[in-house]
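Colleague: For reference, this is upload.cif, and it has mmCIF, C-alpha atoms.
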```
data_entry
#
loop_
_atom_site.group_PDB
_atom_site.id
_atom_site.type_symbol
_atom_site.label_atom_id
_atom_site.label_comp_id
_atom_site.auth_asym_id
_atom_site.auth_seq_id
_atom_site.Cartn_x
_atom_site.Cartn_y
_atom_site.Cartn_z
ATOM 1 C CA MET A 5 103.669 88.872 96.144
ATOM 2 C CA SER A 6 106.767 89.857 94.258
ATOM 3 C CA GLU A 7 110.213 88.743 95.330
ATOM 4 C CA LEU A 8 111.253 92.342 96.062
ATOM 5 C CA THR A 9 108.337 92.858 98.490
ATOM 6 C CA LEU A 10 109.129 89.582 100.226
ATOM 7 C CA LEU A 11 112.813 90.545 100.551
ATOM 8 C CA VAL A 12 111.917 93.969 102.033
ATOM 9 C CA LEU A 13 109.556 92.315 104.540
ATOM 10 C CA ARG A 14 112.272 89.851 105.593
ATOM 11 C CA PHE A 15 114.809 92.634 106.177
ATOM 12 C CA GLY A 16 112.215 94.714 108.026
ATOM 13 C CA PHE A 17 111.413 91.785 110.305
ATOM 14 C CA LEU A 18 115.134 91.168 110.897
ATOM 15 C CA ILE A 19 115.708 94.821 111.854
ATOM 16 C CA LEU A 20 112.683 94.770 114.169
ATOM 17 C CA LEU A 21 113.991 91.586 115.809
ATOM 18 C CA TRP A 22 117.406 93.204 116.432
ATOM 19 C CA PHE A 23 115.761 96.264 118.044
ATOM 20 C CA PHE A 24 113.904 93.911 120.377
ATOM 21 C CA VAL A 25 117.101 92.014 121.305
ATOM 22 C CA LEU A 26 119.010 95.262 121.940
ATOM 23 C CA GLY A 27 116.146 96.559 124.099
ATOM 24 C CA VAL A 28 116.239 93.415 126.239
ATOM 25 C CA VAL A 29 120.036 93.633 126.602
ATOM 26 C CA TYR A 30 119.796 97.307 127.613
ATOM 27 C CA ALA A 31 117.096 96.541 130.223
ATOM 28 C CA LEU A 32 119.157 93.703 131.718
ATOM 29 C CA ARG A 33 122.307 95.811 131.799
ATOM 30 C CA SER A 34 120.616 98.727 133.548
ATOM 31 C CA ASP A 35 119.010 96.396 136.104
ATOM 32 C CA LEU A 36 122.237 94.546 136.875
ATOM 33 C CA PHE A 37 124.717 97.423 136.845
ATOM 34 C CA GLY A 38 122.587 100.519 137.424
ATOM 35 C CA GLN A 39 121.899 103.364 135.087
ATOM 36 C CA GLY A 40 124.990 105.287 136.094
ATOM 37 C CA ARG A 41 123.068 108.171 137.610
ATOM 38 C CA LYS A 42 125.092 110.104 140.117
ATOM 39 C CA VAL A 43 123.473 112.318 142.701
ATOM 40 C CA GLU A 44 125.546 115.017 144.307
ATOM 41 C CA PRO A 45 125.312 115.166 148.134
ATOM 42 C CA LYS A 46 123.622 118.587 147.973
ATOM 43 C CA GLN A 47 121.020 117.249 145.526
ATOM 44 C CA ALA A 48 120.353 114.193 147.719
ATOM 45 C CA ALA A 49 119.714 116.408 150.742
ATOM 46 C CA ALA A 50 117.368 118.603 148.698
ATOM 47 C CA GLN A 51 115.455 115.569 147.361
ATOM 48 C CA ALA A 52 114.960 113.823 150.734
ATOM 49 C CA PRO A 53 112.264 116.131 152.180
ATOM 50 C CA ARG A 54 110.159 115.908 148.994
ATOM 51 C CA THR A 55 109.954 112.128 149.217
ATOM 52 C CA ALA A 56 109.070 112.006 152.911
ATOM 53 C CA PRO A 57 105.480 112.117 154.185
ATOM 54 C CA ALA A 58 103.694 115.445 154.490
ATOM 55 C CA ALA A 59 103.172 115.205 158.247
ATOM 56 C CA ALA A 60 104.894 113.182 160.934
ATOM 57 C CA PRO A 61 102.812 111.228 163.439
ATOM 58 C CA PRO A 62 101.773 113.390 166.413
ATOM 59 C CA PRO A 63 103.858 112.876 169.582
ATOM 60 C CA ALA A 64 102.287 111.453 172.707
ATOM 61 C CA ALA A 65 101.376 114.208 175.158
ATOM 62 C CA SER A 66 102.547 112.485 178.351
ATOM 63 C CA ALA A 67 105.693 110.641 177.185
ATOM 64 C CA PRO A 68 108.972 112.080 175.934
ATOM 65 C CA ARG A 69 109.637 111.489 172.232
ATOM 66 C CA ALA A 70 112.568 109.070 172.633
ATOM 67 C CA ALA A 71 110.790 106.867 175.187
ATOM 68 C CA ARG A 72 107.498 106.190 173.420
ATOM 69 C CA SER A 73 106.766 102.702 172.116
ATOM 70 C CA GLY A 74 110.259 101.791 170.927
ATOM 71 C CA THR A 75 110.263 104.358 168.128
ATOM 72 C CA ALA A 76 113.657 104.649 166.447
ATOM 73 C CA THR A 77 114.639 108.252 167.034
ATOM 74 C CA VAL A 78 117.878 110.072 166.394
ATOM 75 C CA HIS A 79 118.642 109.856 170.112
ATOM 76 C CA ASN A 80 118.455 106.071 170.538
ATOM 77 C CA ALA A 81 118.988 104.471 167.081
ATOM 78 C CA LYS A 82 122.731 104.267 166.531
ATOM 79 C CA ARG A 83 123.306 101.326 164.206
ATOM 80 C CA ILE A 84 121.926 98.896 161.651
ATOM 81 C CA VAL A 85 122.522 95.219 162.441
ATOM 82 C CA ILE A 86 122.079 92.609 159.696
ATOM 83 C CA THR A 87 120.306 89.623 161.272
ATOM 84 C CA ALA A 88 119.814 87.346 158.232
ATOM 85 C CA GLY A 89 121.328 87.051 154.780
ATOM 86 C CA PRO A 90 124.797 86.941 153.259
ATOM 87 C CA LYS A 91 126.206 89.635 155.587
ATOM 88 C CA THR A 92 124.707 88.315 158.874
ATOM 89 C CA GLY A 93 126.257 89.954 161.935
ATOM 90 C CA THR A 94 127.518 93.035 160.092
ATOM 91 C CA GLU A 95 126.830 96.372 161.786
ATOM 92 C CA PHE A 96 126.713 99.856 160.255
ATOM 93 C CA ALA A 97 126.692 103.106 162.189
ATOM 94 C CA LEU A 98 123.790 105.486 161.532
ATOM 95 C CA GLY A 99 124.413 109.139 160.780
ATOM 96 C CA THR A 100 121.831 111.822 160.250
ATOM 97 C CA GLY A 101 121.705 111.664 156.449
ATOM 98 C CA PRO A 102 119.684 109.317 154.241
ATOM 99 C CA ILE A 103 120.912 105.733 153.863
ATOM 100 C CA THR A 104 120.339 104.161 150.463
ATOM 101 C CA ILE A 105 120.089 100.386 150.152
ATOM 102 C CA GLY A 106 120.600 98.443 146.930
ATOM 103 C CA ARG A 107 122.977 96.715 144.538
ATOM 104 C CA ALA A 108 124.431 99.913 143.079
ATOM 105 C CA ALA A 109 127.975 100.819 144.045
ATOM 106 C CA ASP A 110 126.819 104.313 145.095
ATOM 107 C CA SER A 111 124.452 102.875 147.751
ATOM 108 C CA THR A 112 125.329 103.379 151.414
ATOM 109 C CA LEU A 113 124.458 99.751 152.185
ATOM 110 C CA VAL A 114 125.376 97.577 149.182
ATOM 111 C CA LEU A 115 123.568 94.216 149.060
ATOM 112 C CA ARG A 116 124.682 91.893 146.275
ATOM 113 C CA ASP A 117 121.860 89.410 145.774
ATOM 114 C CA ASP A 118 119.479 88.593 142.936
ATOM 115 C CA TYR A 119 116.386 89.811 144.801
ATOM 116 C CA THR A 120 117.654 93.327 145.558
ATOM 117 C CA SER A 121 117.083 96.128 143.040
ATOM 118 C CA THR A 122 119.791 98.566 142.011
ATOM 119 C CA HIS A 123 118.220 101.323 144.132
ATOM 120 C CA HIS A 124 115.921 99.331 146.405
ATOM 121 C CA ALA A 125 115.079 101.339 149.532
ATOM 122 C CA ARG A 126 116.027 104.376 151.597
ATOM 123 C CA LEU A 127 116.176 105.072 155.336
ATOM 124 C CA LEU A 128 115.912 108.748 156.157
ATOM 125 C CA LEU A 129 115.594 110.864 159.239
ATOM 126 C CA TRP A 130 112.332 112.820 159.378
ATOM 127 C CA ASN A 131 111.455 114.879 162.479
ATOM 128 C CA ASP A 132 113.726 112.733 164.704
ATOM 129 C CA ASP A 133 112.119 109.502 163.397
ATOM 130 C CA TRP A 134 113.703 107.004 161.010
ATOM 131 C CA MET A 135 111.456 106.441 157.998
ATOM 132 C CA LEU A 136 111.726 103.547 155.504
ATOM 133 C CA GLN A 137 110.886 104.236 151.859
ATOM 134 C CA ASP A 138 110.708 101.701 149.035
ATOM 135 C CA LEU A 139 112.220 103.070 145.812
ATOM 136 C CA ASP A 140 109.889 101.205 143.431
ATOM 137 C CA SER A 141 111.832 97.973 143.840
ATOM 138 C CA THR A 142 110.827 94.881 141.926
ATOM 139 C CA ASN A 143 110.506 92.526 144.909
ATOM 140 C CA GLY A 144 109.420 95.060 147.528
ATOM 141 C CA THR A 145 110.653 96.163 150.931
ATOM 142 C CA PHE A 146 109.098 94.628 154.040
ATOM 143 C CA LEU A 147 108.860 96.104 157.538
ATOM 144 C CA ASP A 148 107.685 93.712 160.247
ATOM 145 C CA GLY A 149 106.414 91.316 157.542
ATOM 146 C CA LYS A 150 104.295 93.952 155.765
ATOM 147 C CA ARG A 151 105.172 95.431 152.376
ATOM 148 C CA VAL A 152 106.080 99.118 152.506
ATOM 149 C CA GLY A 153 104.095 101.215 150.019
ATOM 150 C CA SER A 154 104.771 104.707 151.374
ATOM 151 C CA PRO A 155 107.373 106.103 153.774
ATOM 152 C CA THR A 156 106.819 104.252 157.060
ATOM 153 C CA GLN A 157 108.185 104.904 160.539
ATOM 154 C CA VAL A 158 110.670 102.268 161.771
ATOM 155 C CA ARG A 159 110.633 101.044 165.373
ATOM 156 C CA LEU A 160 113.763 99.815 167.149
ATOM 157 C CA GLY A 161 114.158 96.065 166.668
ATOM 158 C CA ALA A 162 111.562 95.805 163.872
ATOM 159 C CA PRO A 163 112.855 93.497 161.120
ATOM 160 C CA VAL A 164 113.316 95.142 157.715
ATOM 161 C CA LYS A 165 113.663 92.759 154.756
ATOM 162 C CA VAL A 166 115.323 93.832 151.507
ATOM 163 C CA GLY A 167 115.868 90.971 149.060
ATOM 164 C CA GLN A 168 117.374 88.082 151.022
ATOM 165 C CA THR A 169 118.749 90.351 153.752
ATOM 166 C CA THR A 170 116.997 91.201 157.018
ATOM 167 C CA PHE A 171 118.243 93.971 159.322
ATOM 168 C CA GLU A 172 117.128 95.927 162.380
ATOM 169 C CA LEU A 173 117.724 99.378 163.828
ATOM 170 C CA ARG A 174 119.266 99.146 167.281
ATOM 171 C CA GLY A 175 120.363 101.583 169.960
#
```
Can you present the structure in this file as structure tokens?
Modeller:
Amino acid sequence: MSELTLLVLRFGFLILLWFFVLGVVYALRSDLFGQGRKVEPKQAAAQAPRTAPAAAPPPAASAPRAARSGTATVHNAKRIVITAGPKTGTEFALGTGPITIGRAADSTLVLRDDYTSTHHARLLLWNDDWMLQDLDSTNGTFLDGKRVGSPTQVRLGAPVKVGQTTFELRG
């Protein structure tokens, strides 16, 4: 091989190596600090119904909706209580809009730990029931010890684990 070909191959390899390093730095930065995406409140409300399940579970015929099997409904779930993790004992009032959970500053419930993704999970009100949705987090979202794969109904007092933090919905 000529010296010119060898020199071109060395520079090509060096450029390829720098692209790899910059790609890793970009991936780490976006995971640690978020991608800077901002969602307007009107857009968030429009996106929530699309991500929820197609049909809510059928109500029991003989029992009123708020009284059946400890289901967290809009009438009896009033707060989130953190039971384990760095913010143990902290309480947050529930509204009627979606609650985002993650490390990002634009999250409703900001959890700063290494096992929580930037946009980790979402709690949203769907037909008077609180639903938990995992937002493709790295370490998963757990409800009652089971990993959440699709939007799942949350019962009052059921432990929800996000990263190192565990919380419950309470009345």
Colleague: Report the residues retrieved by the PyMOL selection byres ((chain A and resi 91) around 10) from the displayed file, expressed as number ranges by chain.
Modeller: A: 85-90, 92-95, 115-116, 169-171
Colleague: Within 6 Å of (119.5, 104.4, 152.6) (file coordinates; all atoms listed in the file), which protein or nucleic acid residues are there? I'd like them as a short mmCIF file (atom, residue, chain, number, x, y, z; two decimals) with C-alpha atoms, keeping the file's coordinate frame.
Modeller:
```cif
data_model
loop_
_atom_site.label_atom_id
_atom_site.label_comp_id
_atom_site.auth_asym_id
_atom_site.auth_seq_id
_atom_site.Cartn_x
_atom_site.Cartn_y
_atom_site.Cartn_z
CA PRO A 102 119.68 109.32 154.24
CA ILE A 103 120.91 105.73 153.86
CA THR A 104 120.34 104.16 150.46
CA ILE A 105 120.09 100.39 150.15
CA ARG A 126 116.03 104.38 151.60
CA LEU A 127 116.18 105.07 155.34
#
```
Colleague: By how many Å are CA of Val164 in chain A and CA of Leu147 in chain A apart?
Modeller: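 CA of Leu147 in chain A lies at a distance of 4.6 Å from CA of Val164 in chain A.
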Colleague: Apply the PyMOL selection byres ((chain A and resi 107) around 7) to the file shown and report the selected residues as a PyMOL selection string.
Modeller: chain A and resi 106+108-109+114-116+120-123
Colleague: Considering only C-alpha atoms, state which residue in the set A:His124, A:Val158, A:Met5, A:Asp148 is at the smallest distance from Ser111 in chain A.
Modeller: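 Nearest candidate to Ser111 in chain A out of A:His124, A:Val158, A:Met5, A:Asp148: A:His124.
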Colleague: Enter the distance from CA of Arg159 in chain A to CA of Asn143 in chain A, in Å, rounded to one decimal.
Modeller: 22.2 Å
Colleague: Listed atoms of range 160-172 of chain A, axis-aligned box, 6 Å per side: centre and edge lengths to one decimal in Å, as lines of an AutoDock Vina configuration file?
Modeller:
```
center_x = 115.2
center_y = 93.9
center_z = 158.1
size_x = 19.2
size_y = 23.7
size_z = 30.1
```
Colleague: Distance cut-off 7 Å, centre (120.3, 100.6, 165.7) in file coordinates, counting all atoms listed in the file: which residues qualify? Return them as a ChimeraX atom specification.
Modeller: /A:81-85,160,172-175
Colleague: For a quick check of understanding, using all atoms listed in the file, which of A:Val152, A:Val25, A:Leu10, A:Val166 has the smallest distance to Leu113 in chain A?
Modeller: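 Between A:Val152, A:Val25, A:Leu10, A:Val166, the residue approaching Leu113 in chain A most closely is A:Val166.
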Colleague: Give me, please, the distance in Å between CA of Leu129 in chain A and CA of Gly99 in chain A, quoted to one decimal.
Modeller: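 Interatomic distance here is 9.1 Å.
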Colleague: Take the PyMOL selection byres ((chain A and resi 155) around 6), run it mentally on this structure, and tell me the resulting residues as a PyMOL selection string.
Modeller: chain A and resi 135-137+154+156
